[in-house]
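Shown next, in structure tokens, is the structure this report addresses.
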Amino acid sequence: MSIIDKTLEQMRDAPQNVRYADLAKVCGHYFGQPRQQGTSHAVYKTSWQGDPRVNIQCGGDGKAKPYQVKQVLAAIDRLEGEIQ
């Protein structure tokens, strides 16, 4: 099992306990480099129409915001559904 797979499993089990750096690695793996970073937000482009972005930010304690972890998981599920 790869590090990304392990991180995804942890994200699904406990979205409130995910480090921002781990979430950023997962987003980079699935969505490529962020089109915006260096501010409080990192914005990743997705391949579908409508709201074609994933937006994450650090919660201040080094952890990702739980609702954003859930949004990333939903985007990954959608992306994997399109690939299959």
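Every chain in the structure tokens takes a letter, A first, then B, and so on in the order presented; its residues are numbered from 1, and the ligands are numbered from 1 following the presented order.
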
Can you list every residue in stretch 12-79 of chain A that DSSP puts in alpha helix (DSSP H), as a PDB file with N, CA and C atoms, in the first residue's frame?
```
ATOM      1  N   ARG A  12     -10.343   9.171   5.398  1.00  0.00           N
ATOM      2  CA  ARG A  12     -11.708   8.649   5.447  1.00  0.00           C
ATOM      3  C   ARG A  12     -12.101   8.253   6.878  1.00  0.00           C
ATOM      4  N   ASP A  13     -11.144   7.731   7.630  1.00  0.00           N
ATOM      5  CA  ASP A  13     -11.427   7.301   8.999  1.00  0.00           C
ATOM      6  C   ASP A  13     -11.599   8.467   9.967  1.00  0.00           C
ATOM      7  N   TYR A  20      -2.380  19.245   7.390  1.00  0.00           N
ATOM      8  CA  TYR A  20      -2.494  20.021   6.154  1.00  0.00           C
ATOM      9  C   TYR A  20      -1.470  19.555   5.120  1.00  0.00           C
ATOM     10  N   ALA A  21      -0.252  19.288   5.555  1.00  0.00           N
ATOM     11  CA  ALA A  21       0.804  18.850   4.630  1.00  0.00           C
ATOM     12  C   ALA A  21       0.417  17.541   3.947  1.00  0.00           C
ATOM     13  N   ASP A  22      -0.221  16.635   4.687  1.00  0.00           N
ATOM     14  CA  ASP A  22      -0.659  15.364   4.093  1.00  0.00           C
ATOM     15  C   ASP A  22      -1.770  15.593   3.077  1.00  0.00           C
ATOM     16  N   LEU A  23      -2.698  16.478   3.407  1.00  0.00           N
ATOM     17  CA  LEU A  23      -3.785  16.789   2.470  1.00  0.00           C
ATOM     18  C   LEU A  23      -3.225  17.423   1.196  1.00  0.00           C
ATOM     19  N   ALA A  24      -2.254  18.302   1.337  1.00  0.00           N
ATOM     20  CA  ALA A  24      -1.636  18.939   0.173  1.00  0.00           C
ATOM     21  C   ALA A  24      -0.922  17.911  -0.706  1.00  0.00           C
ATOM     22  N   LYS A  25      -0.281  16.911  -0.100  1.00  0.00           N
ATOM     23  CA  LYS A  25       0.378  15.855  -0.883  1.00  0.00           C
ATOM     24  C   LYS A  25      -0.638  15.052  -1.681  1.00  0.00           C
ATOM     25  N   VAL A  26      -1.749  14.722  -1.047  1.00  0.00           N
ATOM     26  CA  VAL A  26      -2.808  13.966  -1.731  1.00  0.00           C
ATOM     27  C   VAL A  26      -3.375  14.793  -2.882  1.00  0.00           C
ATOM     28  N   CYS A  27      -3.637  16.065  -2.638  1.00  0.00           N
ATOM     29  CA  CYS A  27      -4.166  16.937  -3.697  1.00  0.00           C
ATOM     30  C   CYS A  27      -3.165  17.055  -4.844  1.00  0.00           C
ATOM     31  N   GLY A  28      -1.894  17.195  -4.528  1.00  0.00           N
ATOM     32  CA  GLY A  28      -0.867  17.269  -5.562  1.00  0.00           C
ATOM     33  C   GLY A  28      -0.807  16.002  -6.393  1.00  0.00           C
ATOM     34  N   HIS A  29      -0.987  14.860  -5.755  1.00  0.00           N
ATOM     35  CA  HIS A  29      -0.968  13.580  -6.454  1.00  0.00           C
ATOM     36  C   HIS A  29      -2.141  13.473  -7.442  1.00  0.00           C
ATOM     37  N   TYR A  30      -3.324  13.861  -7.015  1.00  0.00           N
ATOM     38  CA  TYR A  30      -4.518  13.698  -7.839  1.00  0.00           C
ATOM     39  C   TYR A  30      -4.781  14.865  -8.789  1.00  0.00           C
ATOM     40  N   PHE A  31      -4.430  16.090  -8.384  1.00  0.00           N
ATOM     41  CA  PHE A  31      -4.815  17.263  -9.164  1.00  0.00           C
ATOM     42  C   PHE A  31      -3.648  18.058  -9.715  1.00  0.00           C
ATOM     43  N   PRO A  66     -11.688  19.979   8.559  1.00  0.00           N
ATOM     44  CA  PRO A  66     -12.396  18.722   8.270  1.00  0.00           C
ATOM     45  C   PRO A  66     -13.358  18.806   7.082  1.00  0.00           C
ATOM     46  N   TYR A  67     -14.070  19.920   6.923  1.00  0.00           N
ATOM     47  CA  TYR A  67     -15.000  20.012   5.800  1.00  0.00           C
ATOM     48  C   TYR A  67     -14.257  20.038   4.473  1.00  0.00           C
ATOM     49  N   GLN A  68     -13.051  20.585   4.459  1.00  0.00           N
ATOM     50  CA  GLN A  68     -12.265  20.589   3.231  1.00  0.00           C
ATOM     51  C   GLN A  68     -11.695  19.208   2.937  1.00  0.00           C
ATOM     52  N   VAL A  69     -11.370  18.449   3.971  1.00  0.00           N
ATOM     53  CA  VAL A  69     -10.923  17.067   3.781  1.00  0.00           C
ATOM     54  C   VAL A  69     -12.053  16.275   3.112  1.00  0.00           C
ATOM     55  N   LYS A  70     -13.272  16.460   3.577  1.00  0.00           N
ATOM     56  CA  LYS A  70     -14.424  15.759   2.996  1.00  0.00           C
ATOM     57  C   LYS A  70     -14.655  16.191   1.551  1.00  0.00           C
ATOM     58  N   GLN A  71     -14.453  17.482   1.255  1.00  0.00           N
ATOM     59  CA  GLN A  71     -14.599  17.966  -0.125  1.00  0.00           C
ATOM     60  C   GLN A  71     -13.533  17.343  -1.029  1.00  0.00           C
ATOM     61  N   VAL A  72     -12.319  17.227  -0.533  1.00  0.00           N
ATOM     62  CA  VAL A  72     -11.243  16.604  -1.313  1.00  0.00           C
ATOM     63  C   VAL A  72     -11.572  15.138  -1.577  1.00  0.00           C
ATOM     64  N   LEU A  73     -12.043  14.432  -0.566  1.00  0.00           N
ATOM     65  CA  LEU A  73     -12.416  13.027  -0.749  1.00  0.00           C
ATOM     66  C   LEU A  73     -13.520  12.879  -1.785  1.00  0.00           C
ATOM     67  N   ALA A  74     -14.514  13.767  -1.757  1.00  0.00           N
ATOM     68  CA  ALA A  74     -15.590  13.721  -2.745  1.00  0.00           C
ATOM     69  C   ALA A  74     -15.053  13.989  -4.149  1.00  0.00           C
ATOM     70  N   ALA A  75     -14.122  14.932  -4.276  1.00  0.00           N
ATOM     71  CA  ALA A  75     -13.530  15.234  -5.578  1.00  0.00           C
ATOM     72  C   ALA A  75     -12.708  14.054  -6.095  1.00  0.00           C
ATOM     73  N   ILE A  76     -11.983  13.390  -5.208  1.00  0.00           N
ATOM     74  CA  ILE A  76     -11.191  12.218  -5.608  1.00  0.00           C
ATOM     75  C   ILE A  76     -12.121  11.094  -6.055  1.00  0.00           C
ATOM     76  N   ASP A  77     -13.195  10.869  -5.311  1.00  0.00           N
ATOM     77  CA  ASP A  77     -14.165   9.835  -5.695  1.00  0.00           C
ATOM     78  C   ASP A  77     -14.762  10.139  -7.067  1.00  0.00           C
ATOM     79  N   ARG A  78     -15.076  11.398  -7.309  1.00  0.00           N
ATOM     80  CA  ARG A  78     -15.627  11.785  -8.610  1.00  0.00           C
ATOM     81  C   ARG A  78     -14.590  11.582  -9.718  1.00  0.00           C
ATOM     82  N   LEU A  79     -13.369  11.977  -9.462  1.00  0.00           N
ATOM     83  CA  LEU A  79     -12.295  11.816 -10.442  1.00  0.00           C
ATOM     84  C   LEU A  79     -12.064  10.350 -10.773  1.00  0.00           C
TER      85      LEU A  79
END
```

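For stretch 19-68 of chain A, the set of residues given strand (DSSP E or B) by DSSP on the backbone reads Arg19, Gln36, His41, Ala42, Val43, Tyr44, Lys45, Arg53, Val54, Asn55, Ile56, Gln57, Cys58, Lys63 and Ala64 of chain A.
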
Filtering to all heavy atoms, could you give me those residues as a CSV table (one decimal), in the first residue's frame?
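And here's result-v7.csv as it stands now:
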```csv
chain,number,residue,atom,x,y,z
A,19,ARG,N,-3.3,16.1,8.9
A,19,ARG,CA,-2.4,17.3,8.7
A,19,ARG,C,-2.5,17.9,7.4
A,19,ARG,O,-2.7,17.3,6.4
A,19,ARG,CB,-0.9,16.8,8.9
A,19,ARG,CG,-0.6,16.3,10.3
A,19,ARG,CD,0.8,15.9,10.4
A,19,ARG,NE,1.6,16.2,9.3
A,19,ARG,CZ,2.7,15.6,8.9
A,19,ARG,NH1,3.2,14.6,9.7
A,19,ARG,NH2,3.4,15.9,7.8
A,36,GLN,N,-2.8,28.3,-7.3
A,36,GLN,CA,-2.6,29.4,-6.3
A,36,GLN,C,-2.0,28.8,-5.1
A,36,GLN,O,-2.5,27.8,-4.6
A,36,GLN,CB,-3.8,30.1,-6.0
A,36,GLN,CG,-3.7,31.2,-5.0
A,36,GLN,CD,-5.0,31.9,-4.6
A,36,GLN,OE1,-6.0,31.7,-5.3
A,36,GLN,NE2,-5.0,32.5,-3.5
A,41,HIS,N,-4.5,29.9,1.2
A,41,HIS,CA,-5.2,28.9,0.5
A,41,HIS,C,-4.3,28.3,-0.6
A,41,HIS,O,-3.4,28.9,-1.1
A,41,HIS,CB,-6.4,29.5,-0.2
A,41,HIS,CG,-7.5,30.0,0.7
A,41,HIS,ND1,-8.6,29.3,1.0
A,41,HIS,CD2,-7.6,31.2,1.4
A,41,HIS,CE1,-9.3,30.0,1.8
A,41,HIS,NE2,-8.7,31.1,2.1
A,42,ALA,N,-4.6,27.0,-0.9
A,42,ALA,CA,-4.0,26.4,-2.1
A,42,ALA,C,-5.2,25.9,-2.9
A,42,ALA,O,-6.1,25.3,-2.4
A,42,ALA,CB,-3.1,25.2,-1.6
A,43,VAL,N,-5.2,26.3,-4.2
A,43,VAL,CA,-6.3,26.0,-5.1
A,43,VAL,C,-5.8,25.1,-6.2
A,43,VAL,O,-4.9,25.4,-6.9
A,43,VAL,CB,-6.9,27.3,-5.7
A,43,VAL,CG1,-8.0,27.0,-6.6
A,43,VAL,CG2,-7.3,28.3,-4.6
A,44,TYR,N,-6.5,23.9,-6.3
A,44,TYR,CA,-6.1,22.9,-7.3
A,44,TYR,C,-7.2,22.8,-8.4
A,44,TYR,O,-8.4,22.9,-8.0
A,44,TYR,CB,-6.0,21.5,-6.6
A,44,TYR,CG,-4.9,21.5,-5.6
A,44,TYR,CD1,-5.1,21.9,-4.3
A,44,TYR,CD2,-3.6,21.1,-6.0
A,44,TYR,CE1,-4.0,21.8,-3.4
A,44,TYR,CE2,-2.6,21.0,-5.1
A,44,TYR,CZ,-2.8,21.4,-3.8
A,44,TYR,OH,-1.8,21.3,-2.9
A,45,LYS,N,-6.9,22.7,-9.6
A,45,LYS,CA,-7.8,22.6,-10.7
A,45,LYS,C,-8.3,21.2,-10.9
A,45,LYS,O,-7.5,20.2,-10.8
A,45,LYS,CB,-7.1,23.1,-12.0
A,45,LYS,CG,-8.1,23.2,-13.2
A,45,LYS,CD,-7.4,24.0,-14.3
A,45,LYS,CE,-8.1,24.1,-15.6
A,45,LYS,NZ,-9.5,24.2,-15.5
A,53,ARG,N,-12.6,23.4,-9.1
A,53,ARG,CA,-11.4,23.6,-8.2
A,53,ARG,C,-11.6,23.0,-6.9
A,53,ARG,O,-12.7,22.7,-6.4
A,53,ARG,CB,-11.1,25.1,-8.0
A,53,ARG,CG,-12.3,25.9,-7.3
A,53,ARG,CD,-11.9,27.3,-7.2
A,53,ARG,NE,-12.9,28.3,-7.0
A,53,ARG,CZ,-14.0,28.3,-6.3
A,53,ARG,NH1,-14.4,27.2,-5.8
A,53,ARG,NH2,-14.8,29.3,-6.2
A,54,VAL,N,-10.5,22.7,-6.3
A,54,VAL,CA,-10.4,22.2,-4.9
A,54,VAL,C,-9.6,23.2,-4.1
A,54,VAL,O,-8.5,23.5,-4.5
A,54,VAL,CB,-9.7,20.8,-4.8
A,54,VAL,CG1,-9.5,20.3,-3.4
A,54,VAL,CG2,-10.6,19.7,-5.6
A,55,ASN,N,-10.2,23.7,-3.0
A,55,ASN,CA,-9.6,24.8,-2.3
A,55,ASN,C,-9.3,24.2,-0.9
A,55,ASN,O,-10.2,23.8,-0.2
A,55,ASN,CB,-10.6,25.9,-2.2
A,55,ASN,CG,-10.1,27.1,-1.5
A,55,ASN,OD1,-8.9,27.2,-1.1
A,55,ASN,ND2,-11.0,28.0,-1.1
A,56,ILE,N,-8.1,24.3,-0.4
A,56,ILE,CA,-7.7,23.9,0.9
A,56,ILE,C,-7.0,25.0,1.7
A,56,ILE,O,-6.4,25.8,1.0
A,56,ILE,CB,-6.9,22.5,0.9
A,56,ILE,CG1,-5.6,22.7,0.3
A,56,ILE,CG2,-7.7,21.4,0.3
A,56,ILE,CD1,-4.6,21.5,0.4
A,57,GLN,N,-7.1,24.9,3.0
A,57,GLN,CA,-6.3,25.9,3.8
A,57,GLN,C,-6.0,25.2,5.1
A,57,GLN,O,-6.7,24.3,5.6
A,57,GLN,CB,-7.0,27.2,4.0
A,57,GLN,CG,-8.1,27.2,4.9
A,57,GLN,CD,-8.9,28.5,5.0
A,57,GLN,OE1,-10.0,28.6,4.5
A,57,GLN,NE2,-8.3,29.6,5.5
A,58,CYS,N,-4.9,25.7,5.7
A,58,CYS,CA,-4.5,25.2,7.0
A,58,CYS,C,-5.4,25.8,8.1
A,58,CYS,O,-5.7,27.0,8.1
A,58,CYS,CB,-3.0,25.6,7.3
A,58,CYS,SG,-2.3,24.8,8.7
A,63,LYS,N,-3.3,21.4,11.1
A,63,LYS,CA,-4.3,20.4,10.6
A,63,LYS,C,-5.2,21.1,9.5
A,63,LYS,O,-5.4,22.3,9.5
A,63,LYS,CB,-5.1,19.9,11.7
A,63,LYS,CG,-4.3,19.0,12.7
A,63,LYS,CD,-5.2,18.4,13.7
A,63,LYS,CE,-4.4,17.5,14.6
A,63,LYS,NZ,-5.2,16.9,15.6
A,64,ALA,N,-5.6,20.2,8.6
A,64,ALA,CA,-6.6,20.7,7.6
A,64,ALA,C,-8.0,20.8,8.2
A,64,ALA,O,-8.3,20.2,9.2
A,64,ALA,CB,-6.6,19.7,6.4
```
